[in-house]
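Asks: I have a structure here, written as structure tokens, and I will follow up with some questions on it.
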Amino acid sequence: MMNKLWAFFIIIGITFAIFSGNIDIINKEIIEYPNEIFNIFISMVPLMVIWSGIMNIAKDAGLLNKISKFMSPLFKIIFPDIPKGHESLDYIASNLTINMLGIHNASTPFGLKAMKSLNELNKNKEEASRSMITFLVLNTSGVTIIATDILAIRSMYNATNPTDILLVTIIGTIITTFVALILDRIFYYFKGR
Amino acid sequence: MNLVKIGNLIIPIVVLLIIIYALRKKVKIYDSFIIGAKEGLELAISVLPYLVAMLFATNILLKSNILNYVFDIFSPVIDFFKIPKEILPMALVRSISGNASFAVMVDLIKNFGPDSYIGRIASAIQGSTDTTIYVLSLYFGSIGIKKIKYSLWVGLLTDLTCLIVSIILVSFVFGNF
């Protein structure tokens with residue numbers, strides 16, 4: 001799927017650009033954009049390093065385990081395939097908690113660790129497991145309680161009340177996440193097994 | 001306004017709480033941080049190829065301008081549902097690139113104002129979902145998963161749900177139609 005999607009983006013993009021006379025821009029993008037990607041990467045690294053460090057402290061202190069114990073009744077329903085007390089649940093809990101606080105880049109190390117840990121339970125290492133998909137669906141649906149960056153932009157452009165949108169994003173994120181989990185179940189029963 | 005300030009408090013307080021808690025549990029915090037940081041560096045380097053691959057391809061698609069033509073195809077549909085068509089670019093880009101959709105949101109807020117119907121919907125869409133293709137390619141890529149099964153469909157349908165829910169909620173809460 002990733003192979004097809006990747007090819008699809010590039011083929012469609014370049015072909016369309018050729019026919020619409022847009023190819024100069026694409027040419028420039030192909031040559032110059034890698035620099036920008038590198039900058040994005042470089043700005044990501046310290047953040048990932050720092051949060052991995054902090055995460056490790058939290059893990060050694062038993063804090064991650066505590067968070068996941070707190071969430072475990074919910075996890076039993078959402079992730080029926082993960083055995084109780086499995087390490088992956090600690091990472092999933094931390095990833096979701098940090099996402100809720102709106103620190104998306106900081107949650108990435110936890111998420112990647114969760115995936116690694118889930119893959120230990122996975123029978124076919126090249127195929128996504130049910131739990132992995134559920135976890136990523138939760139991530140893409142973006143369980144955010146406080147979207148800090150959006151509030152910043154809204155106040156920058158003088159919103160009368162920059163935070164009035166929170167009511168909408170919080171209810172929105174809850175409904176969206178709920179629908180996402182239901183869709184995930186439906187697809188699992190019809191296509192996953 | 002002060003939720004903005006509270007927002008700025010969250011990260012420092014999380015860090016502070018973790019460190020105080022760890023000290024009370026007698027964790028050697030500095031050593032522990034270094035071990036984790038090393039792992040983080042390896043993690044970051046291991047995701048670089050996936051990041052490059054994904055940003056490269058999505059950038060070509062975005063810059064080819066094809067999405068503008070896709071808008072035209074969809075415009076009768078959105079006219080029918082009375083959705084402001086300024087929102088469409090954002091809705092389409094939201095699943096592909098978080099940075100691009102953030103830029104579109106900033107643009108819409110700048111042009112229509114943060115308290116406008118459009119500005120609010122844009123904020124809601126940006127805030128209620130995350131970038132499906134980014135998340136899937138990075139996370140699955142990092143552990144070498146090749147078959148991602150139905151996850152893409154669930155992710156994209158979720159984004160569509162988010163769009164619909166955002167529009168309905170903004171109309172309902174701020175009463176604009």
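Every chain in the structure tokens has a letter given in the order shown (A, B, ...), and although residue numbers restart at 1 in each chain, ligands are simply numbered from 1 in the order shown.
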Using DSSP secondary structure from the backbone, list all helix (DSSP H, G or I) positions within chain A, as a VMD selection string.
Replies: chain A and resid 2 to 19 23 to 60 63 to 78 87 to 100 104 to 121 130 to 141 148 to 156 162 to 192
Asks: So which residues touch range 50-58 of chain A within 8 Å, counting only C-alpha atoms, skipping near sequence neighbours fewer than 3 positions away, as a ChimeraX atom specification?
Replies: /A:46-47,61-64,106-107,109-110 /B:15,18-19,22,27,29,32-40
Asks: Can you tell me, as a list in words, what residues are no more than 8 Å from Leu138 in chain A when counting only C-alpha atoms, ignoring any on the same chain fewer than 5 positions away?
Replies: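 Non-adjacent residues within range: Val143, Thr177, Ala180 and Leu181 of chain A.
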Asks: The selected residues should be written to file as a PDB file, in the first residue's frame (atoms: N, CA and C atoms).
Replies:
ATOM      1  N   VAL A 143      -6.210  12.822  19.249  1.00  0.00           N
ATOM      2  CA  VAL A 143      -6.912  13.122  20.492  1.00  0.00           C
ATOM      3  C   VAL A 143      -6.251  14.320  21.172  1.00  0.00           C
ATOM      4  N   THR A 177     -12.757  10.668  17.287  1.00  0.00           N
ATOM      5  CA  THR A 177     -12.053   9.501  17.803  1.00  0.00           C
ATOM      6  C   THR A 177     -12.995   8.323  17.986  1.00  0.00           C
ATOM      7  N   ALA A 180     -13.757   6.953  14.701  1.00  0.00           N
ATOM      8  CA  ALA A 180     -12.570   6.260  14.197  1.00  0.00           C
ATOM      9  C   ALA A 180     -12.467   4.858  14.784  1.00  0.00           C
ATOM     10  N   LEU A 181     -12.713   4.739  16.077  1.00  0.00           N
ATOM     11  CA  LEU A 181     -12.619   3.420  16.717  1.00  0.00           C
ATOM     12  C   LEU A 181     -13.692   2.474  16.188  1.00  0.00           C
TER      13      LEU A 181
END
Asks: Tell me, as a PyMOL selection string, which residues lie within 12 Å of Leu169 in chain B, counting only C-alpha atoms; anything in the same chain fewer than 4 positions away does not count.
Replies: (chain A and resi 165-173+175-176) or (chain B and resi 117+120-121+123-125+128+161-165+173-177)
Asks: Save the residues we just selected, N, CA and C atoms, as a PDB file, in the first residue's frame?
Replies:
ATOM      1  N   ILE A 165     -12.595  28.376  20.478  1.00  0.00           N
ATOM      2  CA  ILE A 165     -12.613  27.257  19.541  1.00  0.00           C
ATOM      3  C   ILE A 165     -12.401  25.933  20.271  1.00  0.00           C
ATOM      4  N   LEU A 166     -11.860  26.000  21.498  1.00  0.00           N
ATOM      5  CA  LEU A 166     -11.537  24.763  22.224  1.00  0.00           C
ATOM      6  C   LEU A 166     -12.758  23.875  22.430  1.00  0.00           C
ATOM      7  N   LEU A 167     -13.895  24.520  22.715  1.00  0.00           N
ATOM      8  CA  LEU A 167     -15.116  23.739  22.913  1.00  0.00           C
ATOM      9  C   LEU A 167     -15.374  22.873  21.682  1.00  0.00           C
ATOM     10  N   VAL A 168     -15.210  23.499  20.500  1.00  0.00           N
ATOM     11  CA  VAL A 168     -15.437  22.774  19.253  1.00  0.00           C
ATOM     12  C   VAL A 168     -14.371  21.694  19.034  1.00  0.00           C
ATOM     13  N   THR A 169     -13.100  22.037  19.249  1.00  0.00           N
ATOM     14  CA  THR A 169     -12.067  21.023  18.982  1.00  0.00           C
ATOM     15  C   THR A 169     -12.155  19.862  19.968  1.00  0.00           C
ATOM     16  N   ILE A 170     -12.504  20.153  21.205  1.00  0.00           N
ATOM     17  CA  ILE A 170     -12.579  19.054  22.180  1.00  0.00           C
ATOM     18  C   ILE A 170     -13.749  18.124  21.860  1.00  0.00           C
ATOM     19  N   ILE A 171     -14.933  18.709  21.646  1.00  0.00           N
ATOM     20  CA  ILE A 171     -16.079  17.860  21.285  1.00  0.00           C
ATOM     21  C   ILE A 171     -15.795  17.170  19.953  1.00  0.00           C
ATOM     22  N   GLY A 172     -15.213  17.927  19.018  1.00  0.00           N
ATOM     23  CA  GLY A 172     -14.902  17.382  17.695  1.00  0.00           C
ATOM     24  C   GLY A 172     -13.952  16.206  17.788  1.00  0.00           C
ATOM     25  N   THR A 173     -12.915  16.363  18.575  1.00  0.00           N
ATOM     26  CA  THR A 173     -11.915  15.303  18.669  1.00  0.00           C
ATOM     27  C   THR A 173     -12.509  14.062  19.342  1.00  0.00           C
ATOM     28  N   ILE A 175     -15.777  13.111  19.264  1.00  0.00           N
ATOM     29  CA  ILE A 175     -16.663  12.448  18.296  1.00  0.00           C
ATOM     30  C   ILE A 175     -15.834  11.740  17.221  1.00  0.00           C
ATOM     31  N   THR A 176     -14.833  12.463  16.685  1.00  0.00           N
ATOM     32  CA  THR A 176     -14.018  11.890  15.613  1.00  0.00           C
ATOM     33  C   THR A 176     -13.314  10.615  16.085  1.00  0.00           C
TER      34      THR A 176
ATOM     35  N   TYR B 117     -16.667  32.536  10.214  1.00  0.00           N
ATOM     36  CA  TYR B 117     -17.132  31.157  10.059  1.00  0.00           C
ATOM     37  C   TYR B 117     -16.003  30.295   9.493  1.00  0.00           C
ATOM     38  N   ARG B 120     -12.979  29.841  11.824  1.00  0.00           N
ATOM     39  CA  ARG B 120     -13.260  28.908  12.912  1.00  0.00           C
ATOM     40  C   ARG B 120     -13.269  27.466  12.429  1.00  0.00           C
ATOM     41  N   ILE B 121     -13.857  27.235  11.258  1.00  0.00           N
ATOM     42  CA  ILE B 121     -13.864  25.863  10.736  1.00  0.00           C
ATOM     43  C   ILE B 121     -12.425  25.406  10.496  1.00  0.00           C
ATOM     44  N   SER B 123      -9.710  26.365  12.014  1.00  0.00           N
ATOM     45  CA  SER B 123      -9.091  26.047  13.302  1.00  0.00           C
ATOM     46  C   SER B 123      -9.568  24.693  13.815  1.00  0.00           C
ATOM     47  N   ALA B 124     -10.862  24.454  13.655  1.00  0.00           N
ATOM     48  CA  ALA B 124     -11.432  23.205  14.164  1.00  0.00           C
ATOM     49  C   ALA B 124     -10.872  21.996  13.417  1.00  0.00           C
ATOM     50  N   ILE B 125     -10.752  22.119  12.097  1.00  0.00           N
ATOM     51  CA  ILE B 125     -10.221  20.993  11.320  1.00  0.00           C
ATOM     52  C   ILE B 125      -8.773  20.723  11.706  1.00  0.00           C
ATOM     53  N   SER B 128      -8.804  19.078  15.380  1.00  0.00           N
ATOM     54  CA  SER B 128      -9.498  17.848  15.781  1.00  0.00           C
ATOM     55  C   SER B 128      -8.958  16.585  15.129  1.00  0.00           C
ATOM     56  N   THR B 161     -14.785  12.401   8.483  1.00  0.00           N
ATOM     57  CA  THR B 161     -15.665  12.583   9.636  1.00  0.00           C
ATOM     58  C   THR B 161     -15.328  13.887  10.357  1.00  0.00           C
ATOM     59  N   CYS B 162     -14.025  14.111  10.529  1.00  0.00           N
ATOM     60  CA  CYS B 162     -13.575  15.314  11.231  1.00  0.00           C
ATOM     61  C   CYS B 162     -14.052  16.567  10.512  1.00  0.00           C
ATOM     62  N   LEU B 163     -13.968  16.556   9.184  1.00  0.00           N
ATOM     63  CA  LEU B 163     -14.412  17.715   8.398  1.00  0.00           C
ATOM     64  C   LEU B 163     -15.888  17.989   8.635  1.00  0.00           C
ATOM     65  N   ILE B 164     -16.691  16.924   8.512  1.00  0.00           N
ATOM     66  CA  ILE B 164     -18.132  17.082   8.670  1.00  0.00           C
ATOM     67  C   ILE B 164     -18.478  17.543  10.089  1.00  0.00           C
ATOM     68  N   VAL B 165     -17.857  16.862  11.073  1.00  0.00           N
ATOM     69  CA  VAL B 165     -18.129  17.203  12.474  1.00  0.00           C
ATOM     70  C   VAL B 165     -17.731  18.655  12.771  1.00  0.00           C
ATOM     71  N   VAL B 173     -22.373  25.749  17.394  1.00  0.00           N
ATOM     72  CA  VAL B 173     -21.904  26.492  18.562  1.00  0.00           C
ATOM     73  C   VAL B 173     -21.934  27.998  18.316  1.00  0.00           C
ATOM     74  N   PHE B 174     -21.484  28.408  17.120  1.00  0.00           N
ATOM     75  CA  PHE B 174     -21.396  29.859  16.863  1.00  0.00           C
ATOM     76  C   PHE B 174     -22.563  30.374  16.032  1.00  0.00           C
ATOM     77  N   GLY B 175     -23.491  29.458  15.678  1.00  0.00           N
ATOM     78  CA  GLY B 175     -24.693  29.839  14.960  1.00  0.00           C
ATOM     79  C   GLY B 175     -24.457  30.669  13.716  1.00  0.00           C
ATOM     80  N   ASN B 176     -23.884  30.068  12.712  1.00  0.00           N
ATOM     81  CA  ASN B 176     -23.603  30.821  11.489  1.00  0.00           C
ATOM     82  C   ASN B 176     -24.029  30.022  10.282  1.00  0.00           C
ATOM     83  N   PHE B 177     -24.990  30.545   9.569  1.00  0.00           N
ATOM     84  CA  PHE B 177     -25.354  29.861   8.327  1.00  0.00           C
ATOM     85  C   PHE B 177     -26.043  30.819   7.396  1.00  0.00           C
TER      86      PHE B 177
END
Asks: For CA of Ser171 in chain B and CA of Lys82 in chain B, determine how far apart the two atoms are, in Å to one decimal place.
Replies: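 It comes out at 11.3 Å.
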Asks: Using only C-alpha atoms, which residue out of A:Ala147, A:Ser131, A:Glu120, A:Ile174 lies closest to Pro162 in chain A?
Replies: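 Checking each of A:Ala147, A:Ser131, A:Glu120, A:Ile174 against Pro162 in chain A, counting only C-alpha atoms, the winner is A:Ala147.
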Asks: To one decimal place in Å, what is the distance between CA of Phe70 in chain A and CA of Ser94 in chain A?
Replies: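 Separation of CA of Phe70 in chain A and CA of Ser94 in chain A: 11.2 Å.
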Asks: Find the residues around Asn99 in chain A up to 10 Å (only C-alpha atoms counted), leave out those fewer than 6 positions away in its own chain, and share them as an mmCIF file with C-alpha atoms, in the first residue's frame.
Replies:
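Saved result, result_9.cif, follows:
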data_model
loop_
_atom_site.group_PDB
_atom_site.id
_atom_site.type_symbol
_atom_site.label_atom_id
_atom_site.label_comp_id
_atom_site.auth_asym_id
_atom_site.auth_seq_id
_atom_site.Cartn_x
_atom_site.Cartn_y
_atom_site.Cartn_z
ATOM 1 C CA ALA A 93 -0.672 5.465 27.368
ATOM 2 C CA ASN A 105 6.341 16.117 18.252
ATOM 3 C CA ALA A 106 7.110 15.119 21.806
ATOM 4 C CA SER A 107 4.764 12.173 21.579
ATOM 5 C CA THR A 108 6.551 10.661 18.580
ATOM 6 C CA GLY A 111 4.636 6.241 19.650
ATOM 7 C CA ASN A 139 -3.052 8.833 16.592
ATOM 8 C CA GLY A 142 -5.596 13.211 16.977
ATOM 9 C CA VAL A 143 -6.912 13.122 20.492
ATOM 10 C CA THR A 144 -6.040 16.720 21.370
ATOM 11 C CA ILE A 145 -7.467 18.581 24.324
ATOM 12 C CA ILE A 146 -5.409 21.753 24.063
ATOM 13 C CA ALA A 147 -4.124 22.635 20.607
ATOM 14 C CA ASP B 130 -3.820 14.598 12.876
#
Asks: List the spatial neighbours of range 144-151 of chain B as a list in words - criterion: any atom at most 7 Å away, only C-alpha atoms, same-chain residues fewer than 5 positions off excluded.
Replies: Met1, Lys125, Glu126, Glu127, Ala128, Ile133 and Phe187 of chain A
Asks: Could you name the residues that touch Ala159 in chain A at 9 Å or less, counting only C-alpha atoms, but leaving out those on the same chain fewer than 6 positions away, as a VMD selection string?
Replies: chain B and resid 113 to 115
Asks: Of the residues B:Leu16, B:Ile96, B:Ala57, B:Ile118, which is the one nearest to chain A, using only C-alpha atoms?
Replies: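 The shortest atom-to-atom distance to chain A comes from B:Ala57.
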Asks: Could you check the closest approach to chain A for each of B:Phe56, B:Phe74, B:Tyr50, B:Phe80 and tell me which residue wins, using only C-alpha atoms?
Replies: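 Between B:Phe56, B:Phe74, B:Tyr50, B:Phe80, the residue approaching chain A most closely is B:Phe56.
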Asks: Measuring between only C-alpha atoms, which one of B:Ile20, B:Ile83, B:Ala53, B:Leu157 shows the shortest distance to Thr129 in chain B?
Replies: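 Among the listed residues, B:Leu157 lies closest to Thr129 in chain B.
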Asks: Counting only C-alpha atoms, which of B:Ile87, B:Leu156, B:Leu55, B:Leu136 gets nearest to Ser101 in chain B?
Replies: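 For Ser101 in chain B, the nearest of the candidates is B:Ile87.
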